file entry03.csv (CSV, C-alpha atoms)
chain,number,residue,atom,x,y,z
A,205,MET,CA,14.1,-65.7,-48.1
A,206,ILE,CA,15.5,-64.2,-45.0
A,207,ILE,CA,18.6,-62.1,-45.0
A,208,ARG,CA,19.9,-60.5,-41.8
A,209,LEU,CA,22.9,-58.4,-41.1
A,210,GLN,CA,23.6,-58.0,-37.4
A,211,THR,CA,26.3,-57.4,-34.8
A,212,GLU,CA,25.1,-60.0,-32.4
A,213,ASP,CA,25.7,-63.8,-32.4
A,214,PHE,CA,23.2,-66.3,-33.6
A,215,ASP,CA,22.3,-69.9,-32.7
A,216,PRO,CA,22.3,-71.8,-36.0
A,217,GLU,CA,20.0,-74.6,-34.9
A,218,ARG,CA,17.5,-72.2,-33.3
A,219,GLU,CA,17.5,-70.0,-36.4
A,220,ALA,CA,16.8,-73.0,-38.6
A,221,GLN,CA,14.1,-74.5,-36.4
A,222,ALA,CA,12.3,-71.1,-36.2
A,223,LEU,CA,11.5,-71.4,-39.9
A,224,ASP,CA,8.9,-74.1,-40.4
A,225,VAL,CA,9.5,-75.1,-44.1
A,226,LYS,CA,6.6,-77.3,-45.2
A,227,GLY,CA,7.5,-80.2,-47.4
A,228,ALA,CA,11.3,-79.9,-47.2
A,229,GLY,CA,13.2,-83.2,-47.2
A,230,ALA,CA,16.6,-81.7,-46.7
A,231,ARG,CA,18.2,-78.9,-44.8
A,232,VAL,CA,21.9,-78.0,-45.2
A,233,SER,CA,23.7,-75.3,-43.2
A,234,PHE,CA,27.1,-73.7,-43.5
A,235,VAL,CA,28.6,-71.8,-40.5
A,236,GLY,CA,31.7,-69.7,-41.0
A,237,MET,CA,33.8,-68.8,-37.9
A,238,VAL,CA,36.7,-66.5,-37.1
A,239,ARG,CA,40.0,-68.5,-37.3
A,240,ASP,CA,42.6,-68.1,-34.6
A,241,ALA,CA,45.5,-68.2,-37.0
A,242,ALA,CA,46.2,-67.5,-40.7
A,243,LEU,CA,49.5,-68.6,-42.2
A,244,ASP,CA,51.9,-67.9,-39.3
A,245,ARG,CA,49.9,-65.1,-37.7
A,246,THR,CA,47.8,-65.3,-34.6
A,247,ILE,CA,44.5,-63.6,-35.0
A,248,THR,CA,42.9,-62.0,-32.0
A,249,ALA,CA,39.8,-60.7,-33.6
A,250,LEU,CA,38.3,-59.4,-36.9
A,251,GLU,CA,36.7,-56.1,-37.6
A,252,ILE,CA,34.1,-56.6,-40.3
A,253,GLU,CA,32.9,-53.6,-42.3
A,254,HIS,CA,30.2,-53.7,-45.0
A,255,TYR,CA,28.1,-51.5,-47.4
A,256,PRO,CA,24.7,-52.0,-45.8
A,257,GLN,CA,22.4,-51.1,-48.7
A,258,MET,CA,24.5,-53.1,-51.3
A,259,THR,CA,25.0,-56.0,-48.9
A,260,GLN,CA,21.3,-56.5,-48.6
A,261,ALA,CA,20.7,-56.2,-52.3
A,262,GLU,CA,23.6,-58.4,-53.4
A,263,LEU,CA,22.7,-61.2,-50.9
A,264,THR,CA,19.1,-61.0,-52.2
A,265,ARG,CA,20.4,-61.5,-55.8
A,266,ILE,CA,22.7,-64.3,-54.7
A,267,ALA,CA,19.9,-66.1,-52.8
A,268,THR,CA,17.4,-65.6,-55.5
A,269,ASP,CA,19.7,-67.1,-58.2
A,270,ALA,CA,20.5,-70.1,-56.1
A,271,ARG,CA,16.9,-70.7,-55.1
A,272,ASN,CA,15.8,-70.7,-58.7
A,273,ARG,CA,18.7,-72.8,-60.0
A,274,HIS,CA,18.5,-75.5,-57.3
A,275,HIS,CA,14.8,-75.4,-56.6
A,276,LEU,CA,15.4,-74.4,-53.0
A,277,GLN,CA,12.3,-74.0,-50.9
A,278,GLU,CA,13.7,-71.5,-48.4
A,279,VAL,CA,17.0,-69.7,-47.9
A,280,LEU,CA,18.3,-68.1,-44.7
A,281,ILE,CA,21.5,-66.0,-44.6
A,282,ILE,CA,22.8,-64.2,-41.5
A,283,HIS,CA,26.1,-62.3,-41.6
A,284,ARG,CA,27.6,-60.4,-38.7
A,285,TYR,CA,29.6,-57.2,-38.8
A,286,GLY,CA,31.6,-55.2,-36.3
A,287,ARG,CA,34.2,-56.7,-34.0
A,288,LEU,CA,34.3,-60.5,-33.7
A,289,GLU,CA,36.7,-62.4,-31.5
A,290,SER,CA,38.5,-65.6,-32.8
A,291,HIS,CA,36.2,-68.7,-32.8
A,292,GLU,CA,33.1,-66.6,-33.0
A,293,ARG,CA,30.5,-67.3,-35.7
A,294,ILE,CA,30.5,-64.9,-38.7
A,295,VAL,CA,28.0,-66.3,-41.2
A,296,LEU,CA,25.1,-68.7,-41.5
A,297,VAL,CA,23.7,-70.0,-44.7
A,298,THR,CA,20.9,-72.5,-44.4
A,299,VAL,CA,18.8,-73.9,-47.3
A,300,TRP,CA,15.9,-76.2,-47.5
A,301,SER,CA,14.9,-78.4,-50.5
A,302,ALA,CA,13.1,-81.6,-51.4
A,303,HIS,CA,16.3,-83.6,-51.8
A,304,ARG,CA,19.8,-83.4,-50.5
A,305,ALA,CA,21.6,-82.9,-53.8
A,306,GLU,CA,19.9,-79.5,-54.3
A,307,ALA,CA,20.4,-78.5,-50.7
A,308,PHE,CA,24.2,-79.2,-50.8
A,309,ALA,CA,24.7,-77.5,-54.2
A,310,GLY,CA,22.5,-74.5,-53.3
A,311,CYS,CA,24.3,-73.9,-49.9
A,312,GLN,CA,27.7,-74.1,-51.5
A,313,GLU,CA,26.8,-71.8,-54.3
A,314,ILE,CA,25.5,-69.2,-51.9
A,315,ILE,CA,28.5,-69.1,-49.7
A,316,ASP,CA,30.9,-69.2,-52.7
A,317,ALA,CA,29.1,-66.3,-54.3
A,318,LEU,CA,28.9,-64.4,-51.0
A,319,LYS,CA,32.7,-64.6,-50.7
A,320,THR,CA,33.3,-63.1,-54.1
A,321,ARG,CA,30.4,-60.7,-54.5
A,322,ALA,CA,29.0,-59.4,-51.2
A,323,PRO,CA,30.6,-56.1,-50.0
A,324,PHE,CA,32.2,-57.1,-46.7
A,325,TRP,CA,35.8,-56.4,-45.7
A,326,LYS,CA,37.7,-58.0,-42.9
A,327,LYS,CA,40.5,-56.4,-40.9
A,328,GLU,CA,42.6,-58.8,-38.9
A,329,ILE,CA,43.6,-57.7,-35.4
A,330,SER,CA,46.7,-59.6,-34.2
A,331,PRO,CA,49.4,-58.9,-31.6
A,332,ALA,CA,51.5,-57.5,-34.4
A,333,GLY,CA,48.9,-54.9,-35.5
A,334,THR,CA,46.1,-54.7,-37.9
A,335,SER,CA,45.8,-55.5,-41.6
A,336,TRP,CA,43.1,-55.9,-44.2
A,337,VAL,CA,42.4,-59.4,-45.3
A,338,PRO,CA,43.2,-59.9,-49.1
A,339,GLY,CA,39.9,-60.0,-50.9
A,340,GLN,CA,38.3,-61.6,-53.9
A,341,THR,CA,36.8,-60.1,-57.1
A,342,PRO,CA,33.6,-61.0,-58.8
A,343,ASP,CA,34.1,-63.1,-62.0
A,344,GLY,CA,34.6,-60.8,-65.0
A,345,LEU,CA,35.3,-57.7,-62.9
A,346,GLY,CA,38.5,-56.0,-61.7
B,170,MET,CA,24.3,-34.8,-57.6
B,171,ILE,CA,26.3,-37.9,-57.5
B,172,THR,CA,26.8,-39.6,-54.1
B,173,VAL,CA,30.2,-41.3,-53.7
B,174,ARG,CA,30.9,-43.8,-51.0
B,175,CYS,CA,34.3,-45.4,-50.1
B,176,PHE,CA,34.9,-48.5,-48.0
B,177,ALA,CA,37.7,-50.3,-46.2
B,178,ALA,CA,41.2,-49.4,-47.4
B,179,VAL,CA,39.8,-46.9,-50.0
B,180,ARG,CA,38.1,-45.0,-47.2
B,181,GLU,CA,41.2,-45.0,-45.1
B,182,ILE,CA,43.5,-43.9,-47.9
B,183,LEU,CA,41.2,-41.1,-49.1
B,184,GLY,CA,40.0,-40.2,-45.6
B,185,CYS,CA,36.4,-40.0,-46.5
B,186,ASP,CA,33.4,-42.3,-46.5
B,187,THR,CA,30.7,-40.2,-48.3
B,188,ARG,CA,30.9,-37.2,-50.6
B,189,GLU,CA,28.4,-35.5,-52.8
B,190,LEU,CA,29.7,-34.3,-56.2
B,191,VAL,CA,27.9,-32.1,-58.6
B,192,ALA,CA,27.2,-34.1,-61.7
B,193,LEU,CA,29.1,-32.8,-64.7
B,194,SER,CA,28.1,-33.6,-68.2
B,195,THR,CA,26.4,-36.9,-68.0
B,196,PRO,CA,26.8,-39.7,-68.7
B,197,GLN,CA,30.3,-39.8,-67.4
B,198,ARG,CA,32.4,-42.8,-66.5
B,199,ALA,CA,33.0,-44.1,-63.0
B,200,SER,CA,36.7,-43.5,-63.7
B,201,ASP,CA,35.9,-39.8,-64.2
B,202,VAL,CA,34.2,-39.7,-60.8
B,203,LEU,CA,37.2,-41.5,-59.2
B,204,GLU,CA,39.5,-38.9,-60.7
B,205,ARG,CA,37.5,-36.1,-59.2
B,206,LEU,CA,37.4,-37.8,-55.9
B,207,ALA,CA,41.0,-39.0,-55.6
B,208,GLY,CA,42.9,-36.7,-57.9
B,209,GLY,CA,46.6,-37.6,-57.8
B,210,ARG,CA,46.0,-40.4,-55.2
B,211,VAL,CA,44.4,-42.9,-57.6
B,212,ALA,CA,47.7,-44.7,-57.8
B,213,GLU,CA,47.7,-45.3,-54.0
B,214,LEU,CA,44.4,-47.2,-54.1
B,215,PRO,CA,44.1,-51.0,-53.9
B,216,LYS,CA,44.2,-52.9,-57.1
B,217,PRO,CA,42.0,-54.2,-58.5
B,218,LEU,CA,39.6,-51.4,-57.4
B,219,LEU,CA,36.0,-52.5,-57.4
B,220,VAL,CA,33.1,-50.2,-58.4
B,221,ALA,CA,29.4,-50.4,-57.6
B,222,ILE,CA,26.7,-48.1,-59.1
B,223,ASN,CA,23.4,-48.0,-57.3
B,224,CYS,CA,24.4,-51.1,-55.2
B,225,GLU,CA,25.3,-53.3,-58.2
B,226,HIS,CA,28.7,-54.3,-59.3
B,227,ALA,CA,30.0,-52.2,-62.2
B,228,SER,CA,33.4,-51.2,-63.6
B,229,LEU,CA,35.5,-48.1,-64.0
B,230,ALA,CA,34.2,-47.9,-67.6
B,231,SER,CA,30.5,-47.9,-66.5
B,232,ALA,CA,28.3,-44.9,-67.1
B,233,VAL,CA,27.3,-42.7,-64.2
B,234,ARG,CA,24.3,-40.4,-64.4
B,235,ASP,CA,23.0,-37.6,-62.2
B,236,GLY,CA,21.4,-39.0,-59.0
B,237,ASP,CA,23.5,-42.2,-59.0
B,238,GLU,CA,25.3,-43.6,-56.0
B,239,VAL,CA,28.8,-44.7,-56.9
B,240,ALA,CA,31.0,-46.7,-54.5
B,241,PHE,CA,34.7,-47.6,-54.7
B,242,PHE,CA,36.2,-50.4,-52.6
B,243,PRO,CA,38.8,-53.2,-52.6
B,244,PRO,CA,38.2,-56.8,-53.4
B,245,VAL,CA,35.7,-58.3,-50.9
B,246,SER,CA,36.4,-60.7,-48.0
B,247,GLY,CA,33.1,-61.7,-46.4
B,248,GLY,CA,32.0,-65.1,-45.2
call {"tool": "encode", "arguments": {"input": "entry03.csv", "output": "structure tokens"}}
result
Amino acid sequence: MIIRLQTEDFDPEREAQALDVKGAGARVSFVGMVRDAALDRTITALEIEHYPQMTQAELTRIATDARNRHHLQEVLIIHRYGRLESHERIVLVTVWSAHRAEAFAGCQEIIDALKTRAPFWKKEISPAGTSWVPGQTPDGLG
Amino acid sequence: MITVRCFAAVREILGCDTRELVALSTPQRASDVLERLAGGRVAELPKPLLVAINCEHASLASAVRDGDEVAFFPPVSGG
């Protein structure tokens, strides 16, 4: 499993190609990007804050759970932080498995869990000012 | 000592990102640590308020021991 937290952009295809996963029959990737609008607001950029030690630990737990549940052969997660302009890439989740069903399910489970459990916070920067994006709470907490 | 960390809106409202608190009688609850940290400003904090102890999700009722790292933050919005 590879989990990276970084400020710089990434190339999803190059990152996936760099991992030579033997025996995989399927690879599924999810790429999240900064939207340029939310409801009726124009979004100029996002400022993403995180809790470094916990982010690494929580993403490792999420990836390990999904790998075991869906028999994934490899998991790659890259998440950026700092200031990101609209249309920039935020997150990459790529998984490899023997068959497509496990790869689709595993990739979806990881990004869904990331959005409710990983300690990231987004602040929207728009012409009207800045505001924290409403967040989500892990199941059973809050 | 207990290390307390605050993130996002909690950090902004309380004006601090990290603080070291002398451990009182332990175990104490995370809510006791929050009370010492925020005092009368607890009501200003986002709800629900999330808690992590040693980098794992926990709750305000969770036990905190000497040497633990406790974090308070709003609901998360990654991805």
call {"tool": "interface_residues", "arguments": {"input": "entry03.csv", "of": "chain B", "to": "chain A", "cutoff": "8 Å", "atoms": "all atoms listed in the file", "output": "mmCIF file with C-alpha atoms, keeping the file's coordinate frame"}}
result
data_model
loop_
_atom_site.group_PDB
_atom_site.id
_atom_site.type_symbol
_atom_site.label_atom_id
_atom_site.label_comp_id
_atom_site.auth_asym_id
_atom_site.auth_seq_id
_atom_site.Cartn_x
_atom_site.Cartn_y
_atom_site.Cartn_z
ATOM 1 C CA PHE B 176 34.900 -48.500 -48.000
ATOM 2 C CA ALA B 177 37.700 -50.300 -46.200
ATOM 3 C CA ALA B 178 41.200 -49.400 -47.400
ATOM 4 C CA LYS B 216 44.200 -52.900 -57.100
ATOM 5 C CA PRO B 217 42.000 -54.200 -58.500
ATOM 6 C CA LEU B 218 39.600 -51.400 -57.400
ATOM 7 C CA LEU B 219 36.000 -52.500 -57.400
ATOM 8 C CA ASN B 223 23.400 -48.000 -57.300
ATOM 9 C CA CYS B 224 24.400 -51.100 -55.200
ATOM 10 C CA GLU B 225 25.300 -53.300 -58.200
ATOM 11 C CA ALA B 227 30.000 -52.200 -62.200
ATOM 12 C CA SER B 228 33.400 -51.200 -63.600
ATOM 13 C CA PRO B 243 38.800 -53.200 -52.600
ATOM 14 C CA PRO B 244 38.200 -56.800 -53.400
ATOM 15 C CA VAL B 245 35.700 -58.300 -50.900
ATOM 16 C CA SER B 246 36.400 -60.700 -48.000
ATOM 17 C CA GLY B 247 33.100 -61.700 -46.400
ATOM 18 C CA GLY B 248 32.000 -65.100 -45.200
#
call {"tool": "residues_around", "arguments": {"input": "entry03.csv", "residues": "stretch 201-203 of chain B", "least_positions_apart": "5", "cutoff": "12 Å", "atoms": "only C-alpha atoms", "output": "PyMOL selection string"}}
result
chain B and resi 170-175+179+183+188-196+208-212+214+218-222+228-235+237-242
call {"tool": "write_last_selection", "arguments": {"input": "entry03.csv", "atoms": "C-alpha atoms", "output": "mmCIF file, keeping the file's coordinate frame"}}
result
data_model
loop_
_atom_site.group_PDB
_atom_site.id
_atom_site.type_symbol
_atom_site.label_atom_id
_atom_site.label_comp_id
_atom_site.auth_asym_id
_atom_site.auth_seq_id
_atom_site.Cartn_x
_atom_site.Cartn_y
_atom_site.Cartn_z
ATOM 1 C CA MET B 170 24.300 -34.800 -57.600
ATOM 2 C CA ILE B 171 26.300 -37.900 -57.500
ATOM 3 C CA THR B 172 26.800 -39.600 -54.100
ATOM 4 C CA VAL B 173 30.200 -41.300 -53.700
ATOM 5 C CA ARG B 174 30.900 -43.800 -51.000
ATOM 6 C CA CYS B 175 34.300 -45.400 -50.100
ATOM 7 C CA VAL B 179 39.800 -46.900 -50.000
ATOM 8 C CA LEU B 183 41.200 -41.100 -49.100
ATOM 9 C CA ARG B 188 30.900 -37.200 -50.600
ATOM 10 C CA GLU B 189 28.400 -35.500 -52.800
ATOM 11 C CA LEU B 190 29.700 -34.300 -56.200
ATOM 12 C CA VAL B 191 27.900 -32.100 -58.600
ATOM 13 C CA ALA B 192 27.200 -34.100 -61.700
ATOM 14 C CA LEU B 193 29.100 -32.800 -64.700
ATOM 15 C CA SER B 194 28.100 -33.600 -68.200
ATOM 16 C CA THR B 195 26.400 -36.900 -68.000
ATOM 17 C CA PRO B 196 26.800 -39.700 -68.700
ATOM 18 C CA GLY B 208 42.900 -36.700 -57.900
ATOM 19 C CA GLY B 209 46.600 -37.600 -57.800
ATOM 20 C CA ARG B 210 46.000 -40.400 -55.200
ATOM 21 C CA VAL B 211 44.400 -42.900 -57.600
ATOM 22 C CA ALA B 212 47.700 -44.700 -57.800
ATOM 23 C CA LEU B 214 44.400 -47.200 -54.100
ATOM 24 C CA LEU B 218 39.600 -51.400 -57.400
ATOM 25 C CA LEU B 219 36.000 -52.500 -57.400
ATOM 26 C CA VAL B 220 33.100 -50.200 -58.400
ATOM 27 C CA ALA B 221 29.400 -50.400 -57.600
ATOM 28 C CA ILE B 222 26.700 -48.100 -59.100
ATOM 29 C CA SER B 228 33.400 -51.200 -63.600
ATOM 30 C CA LEU B 229 35.500 -48.100 -64.000
ATOM 31 C CA ALA B 230 34.200 -47.900 -67.600
ATOM 32 C CA SER B 231 30.500 -47.900 -66.500
ATOM 33 C CA ALA B 232 28.300 -44.900 -67.100
ATOM 34 C CA VAL B 233 27.300 -42.700 -64.200
ATOM 35 C CA ARG B 234 24.300 -40.400 -64.400
ATOM 36 C CA ASP B 235 23.000 -37.600 -62.200
ATOM 37 C CA ASP B 237 23.500 -42.200 -59.000
ATOM 38 C CA GLU B 238 25.300 -43.600 -56.000
ATOM 39 C CA VAL B 239 28.800 -44.700 -56.900
ATOM 40 C CA ALA B 240 31.000 -46.700 -54.500
ATOM 41 C CA PHE B 241 34.700 -47.600 -54.700
ATOM 42 C CA PHE B 242 36.200 -50.400 -52.600
#
call {"tool": "atom_distance", "arguments": {"input": "entry03.csv", "atom1": "atom CA of A:Trp300", "atom2": "atom CA of A:Ala270"}}
result
11.5 Å
call {"tool": "atom_distance", "arguments": {"input": "entry03.csv", "atom1": "atom CA of A:Ser290", "atom2": "atom CA of A:Ile266"}}
result
27.0 Å
call {"tool": "residues_around", "arguments": {"input": "entry03.csv", "residues": "A:Ala242", "least_positions_apart": "2", "cutoff": "12 Å", "atoms": "only C-alpha atoms", "output": "MDAnalysis selection string"}}
result
chainID A and resid 238:240 244:250 290 328:330 337:338
call {"tool": "closest_residue", "arguments": {"input": "entry03.csv", "among": "A:Arg273, A:Arg231, A:Arg218, A:Arg208", "to": "A:Glu313", "atoms": "all atoms listed in the file"}}
result
A:Arg273
call {"tool": "atom_distance", "arguments": {"input": "entry03.csv", "atom1": "atom CA of A:Ala309", "atom2": "atom CA of A:Val232"}}
result
9.4 Å
call {"tool": "closest_residue", "arguments": {"input": "entry03.csv", "among": "A:Gly310, A:Pro331, A:Pro216, A:Gly286", "to": "A:Asn272", "atoms": "only C-alpha atoms"}}
result
A:Gly310
